[in-house]
file entry_38.cif (mmCIF, C-alpha atoms)
data_coords
loop_
_atom_site.group_PDB
_atom_site.id
_atom_site.type_symbol
_atom_site.label_atom_id
_atom_site.label_comp_id
_atom_site.auth_asym_id
_atom_site.auth_seq_id
_atom_site.Cartn_x
_atom_site.Cartn_y
_atom_site.Cartn_z
ATOM 1 C CA MET A 1254 4.729 -106.602 -89.281
ATOM 2 C CA LYS A 1255 8.027 -104.805 -89.316
ATOM 3 C CA SER A 1256 7.503 -103.815 -85.685
ATOM 4 C CA MET A 1257 6.963 -107.509 -84.663
ATOM 5 C CA HIS A 1258 10.125 -108.543 -86.382
ATOM 6 C CA LYS A 1259 11.980 -105.740 -84.642
ATOM 7 C CA ILE A 1260 10.771 -106.807 -81.189
ATOM 8 C CA THR A 1261 11.855 -110.419 -81.543
ATOM 9 C CA LYS A 1262 15.193 -109.416 -82.970
ATOM 10 C CA ASN A 1263 16.044 -107.155 -79.997
ATOM 11 C CA LYS A 1264 15.171 -109.772 -77.319
ATOM 12 C CA LYS A 1265 18.108 -111.228 -75.536
ATOM 13 C CA GLY A 1266 17.872 -114.482 -73.533
ATOM 14 C CA VAL A 1267 20.107 -116.416 -71.202
ATOM 15 C CA SER A 1268 22.686 -118.470 -73.004
ATOM 16 C CA PRO A 1269 22.267 -122.254 -72.721
ATOM 17 C CA LEU A 1270 25.556 -122.602 -70.814
ATOM 18 C CA ILE A 1271 24.559 -120.106 -68.118
ATOM 19 C CA ALA A 1272 21.071 -121.656 -67.898
ATOM 20 C CA THR A 1273 22.592 -125.096 -67.331
ATOM 21 C CA ILE A 1274 24.910 -123.794 -64.594
ATOM 22 C CA LEU A 1275 21.987 -122.050 -62.862
ATOM 23 C CA LEU A 1276 19.860 -125.217 -62.982
ATOM 24 C CA ILE A 1277 22.681 -127.341 -61.529
ATOM 25 C CA ALA A 1278 23.291 -124.816 -58.730
ATOM 26 C CA PHE A 1279 19.573 -124.749 -57.933
ATOM 27 C CA ALA A 1280 19.421 -128.571 -57.845
ATOM 28 C CA VAL A 1281 22.460 -128.804 -55.530
ATOM 29 C CA ALA A 1282 21.034 -126.184 -53.150
ATOM 30 C CA LEU A 1283 17.658 -127.918 -53.077
ATOM 31 C CA GLY A 1284 19.349 -131.281 -52.465
ATOM 32 C CA ALA A 1285 21.338 -129.836 -49.536
ATOM 33 C CA VAL A 1286 18.155 -128.458 -47.954
ATOM 34 C CA VAL A 1287 16.354 -131.794 -48.312
ATOM 35 C CA MET A 1288 19.323 -133.745 -46.904
ATOM 36 C CA SER A 1289 19.631 -131.514 -43.833
ATOM 37 C CA TRP A 1290 15.876 -131.765 -43.261
ATOM 38 C CA GLY A 1291 16.114 -135.567 -43.511
ATOM 39 C CA LYS A 1292 18.823 -135.705 -40.827
ATOM 40 C CA ASN A 1293 16.607 -133.733 -38.436
ATOM 41 C CA VAL A 1294 13.677 -136.060 -39.052
ATOM 42 C CA GLU A 1295 15.848 -139.135 -38.442
ATOM 43 C CA SER A 1296 17.340 -137.843 -35.182
ATOM 44 C CA SER A 1297 13.992 -136.664 -33.843
ATOM 45 C CA SER A 1298 12.395 -140.045 -34.622
ATOM 46 C CA SER A 1299 15.182 -141.841 -32.709
ATOM 47 C CA GLU A 1300 14.676 -139.421 -29.800
ATOM 48 C CA LEU A 1301 10.949 -140.183 -29.857
ATOM 49 C CA LEU A 1302 11.726 -143.904 -29.821
ATOM 50 C CA SER A 1303 13.999 -143.400 -26.788
ATOM 51 C CA ILE A 1304 11.330 -141.405 -24.958
ATOM 52 C CA GLU A 1305 8.703 -144.028 -25.788
ATOM 53 C CA LYS A 1306 10.883 -146.918 -24.590
ATOM 54 C CA CYS A 1307 11.947 -145.046 -21.427
ATOM 55 C CA ALA A 1308 8.283 -144.452 -20.610
ATOM 56 C CA ASN A 1309 7.947 -148.242 -20.288
ATOM 57 C CA VAL A 1310 10.831 -148.519 -17.801
ATOM 58 C CA ASN A 1311 9.864 -148.705 -14.145
ATOM 59 C CA LEU A 1312 11.980 -149.741 -11.170
ATOM 60 C CA LYS A 1313 11.088 -150.088 -7.521
ATOM 61 C CA VAL A 1314 12.984 -150.858 -4.348
ATOM 62 C CA GLU A 1315 11.657 -154.111 -2.931
ATOM 63 C CA LYS A 1316 10.128 -153.947 0.556
ATOM 64 C CA VAL A 1317 9.686 -156.664 3.175
ATOM 65 C CA ASN A 1318 7.343 -155.803 6.062
ATOM 66 C CA ASN A 1319 7.324 -152.246 4.704
ATOM 67 C CA ILE A 1320 11.139 -152.031 5.114
ATOM 68 C CA PRO A 1321 13.047 -151.108 1.931
ATOM 69 C CA GLN A 1322 15.603 -153.764 1.087
ATOM 70 C CA VAL A 1323 18.526 -151.326 1.096
ATOM 71 C CA PHE A 1324 21.202 -151.956 3.713
ATOM 72 C CA TYR A 1325 24.709 -150.836 4.556
ATOM 73 C CA GLY A 1326 27.457 -152.486 6.520
ATOM 74 C CA GLY A 1327 31.156 -152.542 7.219
ATOM 75 C CA THR A 1328 33.332 -149.681 8.374
ATOM 76 C CA GLY A 1329 35.865 -147.315 6.849
ATOM 77 C CA SER A 1330 37.045 -148.299 3.400
ATOM 78 C CA ASP A 1331 35.574 -151.803 3.817
ATOM 79 C CA GLY A 1332 31.962 -150.602 3.725
ATOM 80 C CA PHE A 1333 29.266 -151.878 1.421
ATOM 81 C CA VAL A 1334 25.692 -151.265 0.323
ATOM 82 C CA LYS A 1335 23.310 -154.098 -0.485
ATOM 83 C CA PHE A 1336 20.007 -153.545 -2.290
ATOM 84 C CA THR A 1337 17.179 -155.324 -4.083
ATOM 85 C CA ILE A 1338 15.618 -153.560 -7.090
ATOM 86 C CA ALA A 1339 12.734 -154.981 -9.147
ATOM 87 C CA ASN A 1340 11.860 -154.237 -12.767
ATOM 88 C CA THR A 1341 8.112 -153.559 -12.714
ATOM 89 C CA GLY A 1342 8.010 -151.941 -16.157
ATOM 90 C CA SER A 1343 7.424 -153.470 -19.551
ATOM 91 C CA TYR A 1344 10.961 -153.088 -20.927
ATOM 92 C CA ASP A 1345 14.188 -154.837 -19.926
ATOM 93 C CA VAL A 1346 16.775 -152.738 -18.082
ATOM 94 C CA ASP A 1347 20.247 -153.304 -19.522
ATOM 95 C CA GLN A 1348 22.326 -151.563 -16.856
ATOM 96 C CA LEU A 1349 22.007 -149.492 -13.676
ATOM 97 C CA ILE A 1350 23.745 -146.306 -12.663
ATOM 98 C CA VAL A 1351 23.862 -145.980 -8.867
ATOM 99 C CA TRP A 1352 24.432 -142.725 -7.035
ATOM 100 C CA VAL A 1353 25.483 -143.194 -3.433
ATOM 101 C CA ILE A 1354 25.022 -139.771 -1.876
ATOM 102 C CA GLY A 1355 27.067 -139.478 1.294
ATOM 103 C CA GLU A 1356 27.683 -136.760 3.870
ATOM 104 C CA LYS A 1357 31.035 -135.845 2.313
ATOM 105 C CA ASP A 1358 30.700 -136.665 -1.390
ATOM 106 C CA THR A 1359 28.709 -138.584 -3.999
ATOM 107 C CA ASN A 1360 29.906 -141.814 -5.605
ATOM 108 C CA ILE A 1361 28.430 -142.515 -9.053
ATOM 109 C CA MET A 1362 28.890 -146.014 -10.464
ATOM 110 C CA GLU A 1363 27.796 -147.703 -13.668
ATOM 111 C CA LEU A 1364 27.220 -151.260 -12.537
ATOM 112 C CA LYS A 1365 28.396 -153.968 -14.878
ATOM 113 C CA GLN A 1366 26.240 -157.090 -15.058
ATOM 114 C CA SER A 1367 23.211 -155.288 -13.671
ATOM 115 C CA SER A 1368 20.585 -156.120 -16.269
ATOM 116 C CA ILE A 1369 17.072 -156.747 -14.989
ATOM 117 C CA LYS A 1370 14.511 -158.636 -17.063
ATOM 118 C CA ILE A 1371 10.847 -157.656 -16.869
ATOM 119 C CA GLY A 1372 9.345 -158.922 -13.616
ATOM 120 C CA TYR A 1373 12.678 -159.950 -12.081
ATOM 121 C CA PRO A 1374 14.686 -158.497 -9.191
ATOM 122 C CA LEU A 1375 18.335 -157.562 -9.002
ATOM 123 C CA ILE A 1376 20.133 -158.213 -5.712
ATOM 124 C CA LYS A 1377 23.466 -156.449 -5.693
ATOM 125 C CA GLU A 1378 26.180 -155.505 -3.227
ATOM 126 C CA ILE A 1379 28.518 -152.609 -3.997
ATOM 127 C CA LYS A 1380 31.532 -151.234 -2.142
ATOM 128 C CA HIS A 1381 31.260 -147.997 -0.188
ATOM 129 C CA ASP A 1382 34.161 -146.101 1.336
ATOM 130 C CA PHE A 1383 32.789 -144.434 4.482
ATOM 131 C CA ASN A 1384 36.107 -142.576 4.976
ATOM 132 C CA LYS A 1385 35.887 -140.919 1.550
ATOM 133 C CA TYR A 1386 32.115 -140.447 1.065
ATOM 134 C CA GLY A 1387 30.818 -140.385 4.640
ATOM 135 C CA SER A 1388 27.638 -141.969 5.917
ATOM 136 C CA ILE A 1389 24.980 -142.672 3.308
ATOM 137 C CA LYS A 1390 22.166 -140.130 2.984
ATOM 138 C CA LYS A 1391 20.435 -141.334 -0.155
ATOM 139 C CA LEU A 1392 20.686 -143.829 -3.021
ATOM 140 C CA LYS A 1393 19.541 -143.052 -6.535
ATOM 141 C CA PHE A 1394 19.076 -145.745 -9.184
ATOM 142 C CA VAL A 1395 19.063 -144.668 -12.846
ATOM 143 C CA PRO A 1396 18.117 -147.281 -15.470
ATOM 144 C CA LYS A 1397 19.852 -147.620 -18.840
ATOM 145 C CA ILE A 1398 18.221 -149.481 -21.712
ATOM 146 C CA LYS A 1399 19.544 -150.745 -25.019
ATOM 147 C CA ILE A 1400 17.982 -149.472 -28.252
ATOM 148 C CA ASP A 1401 19.512 -150.564 -31.563
ATOM 149 C CA ASP A 1402 22.983 -151.311 -30.136
ATOM 150 C CA SER A 1403 23.193 -148.037 -28.223
ATOM 151 C CA HIS A 1404 22.581 -147.367 -24.538
ATOM 152 C CA VAL A 1405 19.983 -144.783 -23.523
ATOM 153 C CA THR A 1406 19.904 -143.389 -19.989
ATOM 154 C CA CYS A 1407 16.357 -142.992 -18.685
ATOM 155 C CA ALA A 1408 17.092 -140.282 -16.106
ATOM 156 C CA LYS A 1409 13.422 -139.350 -15.651
ATOM 157 C CA ASN A 1410 12.725 -142.915 -14.536
ATOM 158 C CA ALA A 1411 15.283 -142.860 -11.720
ATOM 159 C CA ILE A 1412 14.175 -143.898 -8.240
ATOM 160 C CA GLU A 1413 15.527 -142.713 -4.920
ATOM 161 C CA GLU A 1414 15.696 -144.309 -1.488
ATOM 162 C CA GLU A 1415 16.508 -142.507 1.738
ATOM 163 C CA LYS A 1416 15.589 -145.252 4.204
ATOM 164 C CA ILE A 1417 18.830 -147.196 4.385
ATOM 165 C CA SER A 1418 19.151 -149.572 7.333
ATOM 166 C CA PRO A 1419 22.265 -151.036 8.905
ATOM 167 C CA LEU A 1420 22.723 -154.703 8.114
ATOM 168 C CA SER A 1421 22.491 -156.651 11.335
#
call {"tool": "encode", "arguments": {"input": "entry_38.cif", "output": "structure tokens"}}
result
Amino acid sequence: MKSMHKITKNKKGVSPLIATILLIAFAVALGAVVMSWGKNVESSSSELLSIEKCANVNLKVEKVNNIPQVFYGGTGSDGFVKFTIANTGSYDVDQLIVWVIGEKDTNIMELKQSSIKIGYPLIKEIKHDFNKYGSIKKLKFVPKIKIDDSHVTCAKNAIEEEKISPLS
């Protein structure tokens, strides 16, 4: 019995103050890990939503008698490009980015007032400076959609057109 009493008397434990500090530190560290994990889950779910919505975006250049409705006209700095794009997807396009790839340089424009509702076309004429960019080699149309008050560029859903006719 004396030996039992001796064992319990010699045991030393952690003081309550140190134990409390350790528990608080552990709780704060665990909270920080959970919060950072939550931010990653939130951002990846918004990325998945963007990918899902972009998958439903589909544009096409309208054709009449198998001729793409993409034309150019004018000369020098008074040139222009006129095109007809249709929204054949299942999600509204909020805005278009147009790349006019010329012999000398590329002109990239975000077109204002270029929204296209599902099933509707967009007929637009944009300026083109033949002196600065050269003759037109290709047009690229990149759709932008609106998700929760932010614009998402659907670059993988871009369409290109190389058959550009002079407007007669």
call {"tool": "atom_distance", "arguments": {"input": "entry_38.cif", "atom1": "CA of Pro1419 (chain A)", "atom2": "CA of Gln1366 (chain A)"}}
result
25.0 Å
call {"tool": "residues_around", "arguments": {"input": "entry_38.cif", "residues": "region 1312-1323 of chain A", "least_positions_apart": "5", "cutoff": "12 Å", "atoms": "all atoms listed in the file", "output": "short mmCIF file (atom, residue, chain, number, x, y, z; two decimals) with C-alpha atoms, in the frame of the given file"}}
result
data_model
loop_
_atom_site.label_atom_id
_atom_site.label_comp_id
_atom_site.auth_asym_id
_atom_site.auth_seq_id
_atom_site.Cartn_x
_atom_site.Cartn_y
_atom_site.Cartn_z
CA CYS A 1307 11.95 -145.05 -21.43
CA PHE A 1333 29.27 -151.88 1.42
CA VAL A 1334 25.69 -151.26 0.32
CA LYS A 1335 23.31 -154.10 -0.48
CA PHE A 1336 20.01 -153.54 -2.29
CA THR A 1337 17.18 -155.32 -4.08
CA ILE A 1338 15.62 -153.56 -7.09
CA ALA A 1339 12.73 -154.98 -9.15
CA ASN A 1340 11.86 -154.24 -12.77
CA THR A 1341 8.11 -153.56 -12.71
CA GLY A 1342 8.01 -151.94 -16.16
CA SER A 1343 7.42 -153.47 -19.55
CA TYR A 1344 10.96 -153.09 -20.93
CA ASP A 1345 14.19 -154.84 -19.93
CA VAL A 1346 16.77 -152.74 -18.08
CA GLN A 1348 22.33 -151.56 -16.86
CA LEU A 1349 22.01 -149.49 -13.68
CA VAL A 1353 25.48 -143.19 -3.43
CA SER A 1368 20.58 -156.12 -16.27
CA ILE A 1369 17.07 -156.75 -14.99
CA LYS A 1370 14.51 -158.64 -17.06
CA ILE A 1371 10.85 -157.66 -16.87
CA GLY A 1372 9.35 -158.92 -13.62
CA TYR A 1373 12.68 -159.95 -12.08
CA PRO A 1374 14.69 -158.50 -9.19
CA LEU A 1375 18.34 -157.56 -9.00
CA ILE A 1376 20.13 -158.21 -5.71
CA LYS A 1377 23.47 -156.45 -5.69
CA GLU A 1378 26.18 -155.50 -3.23
CA ILE A 1379 28.52 -152.61 -4.00
CA ILE A 1389 24.98 -142.67 3.31
CA LYS A 1390 22.17 -140.13 2.98
CA LYS A 1391 20.43 -141.33 -0.16
CA LEU A 1392 20.69 -143.83 -3.02
CA LYS A 1393 19.54 -143.05 -6.54
CA PHE A 1394 19.08 -145.74 -9.18
CA VAL A 1395 19.06 -144.67 -12.85
CA PRO A 1396 18.12 -147.28 -15.47
CA LYS A 1397 19.85 -147.62 -18.84
CA CYS A 1407 16.36 -142.99 -18.68
CA ALA A 1408 17.09 -140.28 -16.11
CA LYS A 1409 13.42 -139.35 -15.65
CA ASN A 1410 12.72 -142.92 -14.54
CA ALA A 1411 15.28 -142.86 -11.72
CA ILE A 1412 14.18 -143.90 -8.24
CA GLU A 1413 15.53 -142.71 -4.92
CA GLU A 1414 15.70 -144.31 -1.49
CA GLU A 1415 16.51 -142.51 1.74
CA LYS A 1416 15.59 -145.25 4.20
CA ILE A 1417 18.83 -147.20 4.38
CA SER A 1418 19.15 -149.57 7.33
CA PRO A 1419 22.26 -151.04 8.90
CA LEU A 1420 22.72 -154.70 8.11
#
call {"tool": "atom_distance", "arguments": {"input": "entry_38.cif", "atom1": "CA of Asp1347 (chain A)", "atom2": "CA of Lys1365 (chain A)"}}
result
9.4 Å
call {"tool": "atom_distance", "arguments": {"input": "entry_38.cif", "atom1": "CA of Pro1269 (chain A)", "atom2": "CA of Val1281 (chain A)"}}
result
18.4 Å
call {"tool": "residues_around", "arguments": {"input": "entry_38.cif", "residues": "His1381 (chain A)", "least_positions_apart": "3", "cutoff": "10 Å", "atoms": "all atoms listed in the file", "output": "list in words"}}
result
Tyr1325, Gly1326, Gly1327, Thr1328, Gly1329, Ser1330, Asp1331, Gly1332, Phe1333, Val1334, Val1353, Gly1355, Asn1360, Glu1378, Asn1384, Lys1385, Tyr1386, Gly1387, Ser1388 and Ile1389 of chain A
